[in-house]
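Below is one structure, written out as structure tokens; the observations come after it.
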Amino acid sequence: MTPALELCGVDKRFGATPILNGVSLTVEAGERHAIIGPNGAGKSTLFNVVSGALAPTRGSIRLHGHEIAGLPPYAINRRGLARSFQVTNIFPRLSVFENLRCAALWPLGHRYCFWRKVDALRDAREAASSTLERIGLASRRDVPAAVLTYAEQRALEVGITIVGGARVILLDEPTAGMSRVEADRIVALIRAVSEGRTLVIVEHDMSVVFGLADRVSVLVHGEVLATDTPARIRDARAVQEAYLGTLPDA
Amino acid sequence: MSEAAIVAHGAAGRRTWNRGAMVALVGLLLVLPHIPGLASDFARSLLTQMGIAAVFALSFNVLFGQTGLLSFGHAVYFGMGGYAAIHAMRAINHGFPLPMVLVPLAGAAGGLACGLVLGALTTRRAGTIFALISLGVGELFYAAAFMLPRFFGGEEGISASRTRGSFDLGIPLATQLDVYYVVVAWGLVAAALMYAFQSTPVGRMCNAVRDNPQRAQFVGYSTTRVRFIAFAVAAMFAGLAGGLHAVNYEIVAADALGAQRSGAVLIMAYIGGCAYFAGPVLGAIAITWLSSSLSSYTPAWQLYLGVFFIVMILYAPEGIAGLLLRHRAATRPSRGGWARAAAASVPLLLIAAGAIVIVEMGYRLSTQAELGTRMRVLWIGLDAASAWPWVLATIAFAVGAIALPRVLRSSSGAPGEAS
């Protein structure tokens, strides 16, 4: 079976500074894959390169077997990959519902349609409404996203990422800055929505990582140090030295 | 933008026109030119100009309010629509079988054609780069208008007759009243279409691209393409407005696509309130009225217009539409908005009266010395050569300026400004 995501020798440099050094990584379809590593290891850059925010300097990235390296973000999204952001990235003046509906339009095939009313699109309305329920913001449906609390905005961030039904989902620190209760709710949501899909998640909270992931990759200095099951990663000495021994935040 | 303004905008976005208000509006527009005081050709011409400006300002706001693109050259599409329309009128004058009332469609086609070509070039970038490119395109077309006189007619422009054609569908376009009704009809069609565009999928994505272009890309949309579509739509309706302009004046000259008109439409949209669909219409009415009426009272009208614009930007960035909605909120019992406004109005009137007297006397002395120094300002006879009016006006201004912040502070519990 073709892997959902396959990185091969991916380099990313900013000028002379190497951020990613020959990253090779295989994420199987249907797998929940966590990426951990100390601050500055290149986790967010890796996400940016995979999702098209940045073009890799070198290397190949395949999404379900199709080369996507260097494509613009919207082209990669249309091939079934959606991502969230570490820093909340929503449409602040649109209502919560409108945020979700906008994110559902392209995947449902409404594209650049200017001859139909958006309110008449039942599928988009239903996708937005059901996601609204799932992320627990039904009571905040019509307020502008800018006035949501931080935790609510993080939930909306995840909602925008999943509403389109993408087969591969990249989540960049979805629980960052959340209280324990809020984080637990988001993790339960992530577990539910990633059922039957492929999930790649960057996370600092080790309890989230070890509870959620099928496999874990450790990224240090722009290189993949190890990829294995959570249990073996926890036991690996090299990983402990590189990362777990000096737990940075979390 | 403050939180309250965001909430207000969200609420305004969903406030839908109900049918009764719509019928009332159409009825008002139909009887307006027959109301005593508005039944003259001058007033009807002014109403016609307002209608044209309203369509133009609405088209500008498709770019600005809806998509977040600030253009300093939107008059290019107004002007090119106008030229397309005036050439169509000339063709009709020479026997081309098209009724004159459909000429604005030629304007829309001209604006759309220019929008498609120039939009493809200019919408690759947003923000400051887009604004600067639009400025350059505006200058380019203005210069071209003098370099290509066969199409643009140079300084005199191109003229045509709106009454000479092979058939007219029973709408002769002979009087100013005829033209007014044609402008109203096209204006309502254009406004309805632009309103509908807002609530299409791509219209909604224009808002999304305005709010957060990066995120829009990650939900599958090319921001360049969304901006391009908004640009083409805006150019088409600007062209329609230009076509109405051609029908109204029977002449189109280089000023139709110049920087002054581009600046005026920006001011209209901003003063009216670009976060509201109807805002630019209010701005178009206010600015058209000010620039035609105020100019008959005072030579300093442009100065007042400039001060008005600055005051609006500083103290009411949500525009006239926002002020109206804010005052609705202020009438609720929980808020002391009316009391505060009443208390502040006294020092504000002092400031305004003092400033107006000084400005008018200064203008008289420096630009209209031949009229003498005796004059009437604000219904008061005075002599600009004597020191007393100057002293009193300065005192009035100073007292108002000192009292205003104190009045505002004492009449409201909460500190801070009215934003």
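Identifiers in this document derive from the order of the structure tokens: chains are assigned A, B, ..., residues are numbered from 1 separately in each chain, and ligands are numbered from 1 in order of occurrence.
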6 Å contacts from chain B to chain A using only C-alpha atoms, as a ChimeraX atom specification: /B:199-202,208,211-212,217-222
Backbone DSSP call of strand (DSSP E) for stretch 1-244 of chain A, listed as a ChimeraX atom specification: /A:5-14,17-27,32-36,58-63,66-67,81-83,168-172,198-202,215-220,223-228
Backbone DSSP call of alpha helix (DSSP H) for stretch 71-301 of chain B, listed as a VMD selection string: chain B and resid 75 to 93 103 to 122 127 to 147 149 to 152 176 to 198 201 to 211 213 to 217 223 to 249 259 to 272 279 to 289 295 to 297 301
Residues near A:Val202, cut-off 6 Å, only C-alpha atoms, skip fewer than 4 positions along chain, as a list in words: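 Counting only the stated atoms, we get Ala34, Ile35, Asp172 and Glu173 of chain A.
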Length of the atom CA of A:Pro230 to atom CA of A:Gly211 vector [Å]: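 The value is 8.6 Å.
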Just the residues within 10 Å of stretch 221-228 of chain A, please, counting only C-alpha atoms, with nothing from its chain fewer than 2 positions along; format it as a PDB file with C-alpha atoms, in the first residue's frame.
ATOM      1  CA  GLY A   9      16.178  13.407   1.601  1.00  0.00           C
ATOM      2  CA  VAL A  10      14.370  16.694   2.275  1.00  0.00           C
ATOM      3  CA  ASP A  11      16.682  19.656   2.888  1.00  0.00           C
ATOM      4  CA  LYS A  12      15.639  23.161   3.821  1.00  0.00           C
ATOM      5  CA  PRO A  18      20.462  24.424   7.323  1.00  0.00           C
ATOM      6  CA  ILE A  19      17.168  23.801   9.115  1.00  0.00           C
ATOM      7  CA  LEU A  20      16.301  20.388   7.722  1.00  0.00           C
ATOM      8  CA  ASN A  21      19.091  17.953   6.839  1.00  0.00           C
ATOM      9  CA  GLY A  22      18.098  15.057   4.613  1.00  0.00           C
ATOM     10  CA  VAL A  23      14.852  14.270   6.387  1.00  0.00           C
ATOM     11  CA  SER A  24      13.421  10.934   5.298  1.00  0.00           C
ATOM     12  CA  LEU A  25      10.153   9.892   6.828  1.00  0.00           C
ATOM     13  CA  THR A  26       7.350   7.525   5.926  1.00  0.00           C
ATOM     14  CA  HIS A  33       2.319   9.801  13.716  1.00  0.00           C
ATOM     15  CA  ALA A  34       3.806  12.200  16.246  1.00  0.00           C
ATOM     16  CA  ILE A  35       6.896  14.309  15.697  1.00  0.00           C
ATOM     17  CA  ILE A  36       8.775  15.354  18.791  1.00  0.00           C
ATOM     18  CA  GLY A  37      12.015  17.161  19.348  1.00  0.00           C
ATOM     19  CA  PRO A  38      13.512  20.094  21.223  1.00  0.00           C
ATOM     20  CA  ASN A  39      12.747  23.684  20.317  1.00  0.00           C
ATOM     21  CA  GLY A  40      14.487  24.715  17.120  1.00  0.00           C
ATOM     22  CA  ALA A  41      14.736  21.143  15.878  1.00  0.00           C
ATOM     23  CA  GLY A  42      12.847  22.065  12.704  1.00  0.00           C
ATOM     24  CA  LYS A  43       9.420  20.602  13.471  1.00  0.00           C
ATOM     25  CA  THR A  45       9.710  24.017   9.252  1.00  0.00           C
ATOM     26  CA  LEU A  46       9.034  20.393   8.398  1.00  0.00           C
ATOM     27  CA  ASP A 214       0.967   4.836  16.771  1.00  0.00           C
ATOM     28  CA  ARG A 215       4.518   5.824  15.924  1.00  0.00           C
ATOM     29  CA  VAL A 216       6.802   8.638  16.979  1.00  0.00           C
ATOM     30  CA  SER A 217       9.650  10.327  15.101  1.00  0.00           C
ATOM     31  CA  VAL A 218      12.296  12.274  16.958  1.00  0.00           C
ATOM     32  CA  LEU A 219      13.636  15.309  15.128  1.00  0.00           C
ATOM     33  CA  PRO A 230       5.962   5.206  21.530  1.00  0.00           C
ATOM     34  CA  ALA A 231       7.082   2.524  23.999  1.00  0.00           C
ATOM     35  CA  ARG A 232      10.412   1.927  22.291  1.00  0.00           C
ATOM     36  CA  ILE A 233      11.023   5.622  21.773  1.00  0.00           C
ATOM     37  CA  ARG A 234      10.524   6.133  25.489  1.00  0.00           C
ATOM     38  CA  ALA A 236      15.702   4.452  23.606  1.00  0.00           C
ATOM     39  CA  ALA A 238      19.758   8.143  22.397  1.00  0.00           C
ATOM     40  CA  VAL A 239      16.375   9.770  22.442  1.00  0.00           C
ATOM     41  CA  ALA A 242      18.776  14.158  22.989  1.00  0.00           C
TER      42      ALA A 242
END
Atom CA of A:Val50 to atom CA of A:Ala127, straight-line distance in Å: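 Answer for the atom CA of A:Ala127 to atom CA of A:Val50 separation: 25.7 Å.
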Exercise: B:Ala403 partners within 8 Å, only C-alpha atoms, chain neighbours under 4 positions left out, as JSON, numbers by chain: {"B": [347, 399, 407]}
If you count only C-alpha atoms, which residues fall within 10 Å of B:Ala120, apart from same-chain ones fewer than 2 positions away, as a PDB file with C-alpha atoms, in the first residue's frame?
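The resulting selection05.pdb:
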ATOM      1  CA  CYS B 114      -9.906  46.306 -18.536  1.00  0.00           C
ATOM      2  CA  GLY B 115     -10.368  44.623 -15.178  1.00  0.00           C
ATOM      3  CA  LEU B 116      -9.614  41.196 -16.613  1.00  0.00           C
ATOM      4  CA  VAL B 117      -6.428  42.339 -18.334  1.00  0.00           C
ATOM      5  CA  LEU B 118      -5.104  44.631 -15.596  1.00  0.00           C
ATOM      6  CA  THR B 122      -2.002  43.531 -10.525  1.00  0.00           C
ATOM      7  CA  THR B 123      -3.697  41.019  -8.210  1.00  0.00           C
ATOM      8  CA  ARG B 124      -0.636  38.818  -7.862  1.00  0.00           C
ATOM      9  CA  THR B 224      -4.472  35.466  -6.352  1.00  0.00           C
ATOM     10  CA  ARG B 225      -7.492  33.945  -8.077  1.00  0.00           C
ATOM     11  CA  ARG B 227      -8.542  38.680  -5.630  1.00  0.00           C
ATOM     12  CA  PHE B 228      -8.645  38.531  -9.412  1.00  0.00           C
ATOM     13  CA  ILE B 229     -12.342  37.628  -9.404  1.00  0.00           C
ATOM     14  CA  PHE B 231     -11.111  42.805  -9.060  1.00  0.00           C
ATOM     15  CA  ALA B 232     -12.946  41.879 -12.254  1.00  0.00           C
TER      16      ALA B 232
END
For atom CA of B:Ala235 and atom CA of B:Ala57, the interatomic separation in Å (one decimal): 11.4 Å
Can you tell me which residues surround B:Leu70 at a distance of at most 10 Å, considering only C-alpha atoms, apart from same-chain residues fewer than 3 positions away, and format the answer as a PDB file with N, CA and C atoms, in the first residue's frame?
ATOM      1  N   PHE B  60     -16.150  50.068  -5.674  1.00  0.00           N
ATOM      2  CA  PHE B  60     -14.864  50.220  -4.984  1.00  0.00           C
ATOM      3  C   PHE B  60     -14.815  49.354  -3.736  1.00  0.00           C
ATOM      4  N   ASN B  61     -15.964  49.269  -3.057  1.00  0.00           N
ATOM      5  CA  ASN B  61     -15.972  48.536  -1.794  1.00  0.00           C
ATOM      6  C   ASN B  61     -15.946  47.019  -1.980  1.00  0.00           C
ATOM      7  N   LEU B  63     -13.730  45.724  -3.724  1.00  0.00           N
ATOM      8  CA  LEU B  63     -12.291  45.557  -3.538  1.00  0.00           C
ATOM      9  C   LEU B  63     -11.893  45.811  -2.094  1.00  0.00           C
ATOM     10  N   PHE B  64     -12.316  46.972  -1.576  1.00  0.00           N
ATOM     11  CA  PHE B  64     -11.748  47.467  -0.330  1.00  0.00           C
ATOM     12  C   PHE B  64     -12.375  46.803   0.893  1.00  0.00           C
ATOM     13  N   GLY B  65     -13.662  46.993   1.082  1.00  0.00           N
ATOM     14  CA  GLY B  65     -14.308  46.455   2.272  1.00  0.00           C
ATOM     15  C   GLY B  65     -14.412  44.941   2.249  1.00  0.00           C
ATOM     16  N   THR B  67     -12.757  42.614   0.060  1.00  0.00           N
ATOM     17  CA  THR B  67     -11.585  41.789  -0.235  1.00  0.00           C
ATOM     18  C   THR B  67     -10.313  42.334   0.397  1.00  0.00           C
ATOM     19  N   GLY B  73      -6.424  53.538  -7.916  1.00  0.00           N
ATOM     20  CA  GLY B  73      -6.650  53.772  -9.342  1.00  0.00           C
ATOM     21  C   GLY B  73      -7.963  53.200  -9.829  1.00  0.00           C
ATOM     22  N   HIS B  74      -8.979  53.192  -8.956  1.00  0.00           N
ATOM     23  CA  HIS B  74     -10.222  52.541  -9.364  1.00  0.00           C
ATOM     24  C   HIS B  74     -10.944  53.327 -10.456  1.00  0.00           C
ATOM     25  N   ALA B 126      -0.799  41.766  -2.943  1.00  0.00           N
ATOM     26  CA  ALA B 126      -1.822  42.492  -2.194  1.00  0.00           C
ATOM     27  C   ALA B 126      -1.143  43.613  -1.419  1.00  0.00           C
ATOM     28  N   GLY B 127      -1.863  44.201  -0.492  1.00  0.00           N
ATOM     29  CA  GLY B 127      -1.283  45.166   0.439  1.00  0.00           C
ATOM     30  C   GLY B 127      -0.681  46.372  -0.250  1.00  0.00           C
ATOM     31  N   THR B 128       0.463  46.801   0.269  1.00  0.00           N
ATOM     32  CA  THR B 128       1.098  48.024  -0.195  1.00  0.00           C
ATOM     33  C   THR B 128       1.485  47.930  -1.667  1.00  0.00           C
ATOM     34  N   ILE B 129       1.999  46.771  -2.076  1.00  0.00           N
ATOM     35  CA  ILE B 129       2.445  46.618  -3.462  1.00  0.00           C
ATOM     36  C   ILE B 129       1.257  46.813  -4.402  1.00  0.00           C
ATOM     37  N   PHE B 130       0.131  46.178  -4.066  1.00  0.00           N
ATOM     38  CA  PHE B 130      -1.058  46.321  -4.906  1.00  0.00           C
ATOM     39  C   PHE B 130      -1.472  47.791  -4.975  1.00  0.00           C
ATOM     40  N   ALA B 131      -1.476  48.473  -3.826  1.00  0.00           N
ATOM     41  CA  ALA B 131      -1.894  49.876  -3.788  1.00  0.00           C
ATOM     42  C   ALA B 131      -0.993  50.723  -4.678  1.00  0.00           C
ATOM     43  N   LEU B 132       0.309  50.471  -4.610  1.00  0.00           N
ATOM     44  CA  LEU B 132       1.248  51.278  -5.401  1.00  0.00           C
ATOM     45  C   LEU B 132       1.094  50.975  -6.889  1.00  0.00           C
ATOM     46  N   SER B 134      -1.616  50.051  -8.344  1.00  0.00           N
ATOM     47  CA  SER B 134      -2.859  50.677  -8.801  1.00  0.00           C
ATOM     48  C   SER B 134      -2.646  52.170  -9.052  1.00  0.00           C
ATOM     49  N   LEU B 266     -12.500  56.619  -2.892  1.00  0.00           N
ATOM     50  CA  LEU B 266     -11.951  56.074  -1.640  1.00  0.00           C
ATOM     51  C   LEU B 266     -12.552  56.817  -0.447  1.00  0.00           C
TER      52      LEU B 266
END
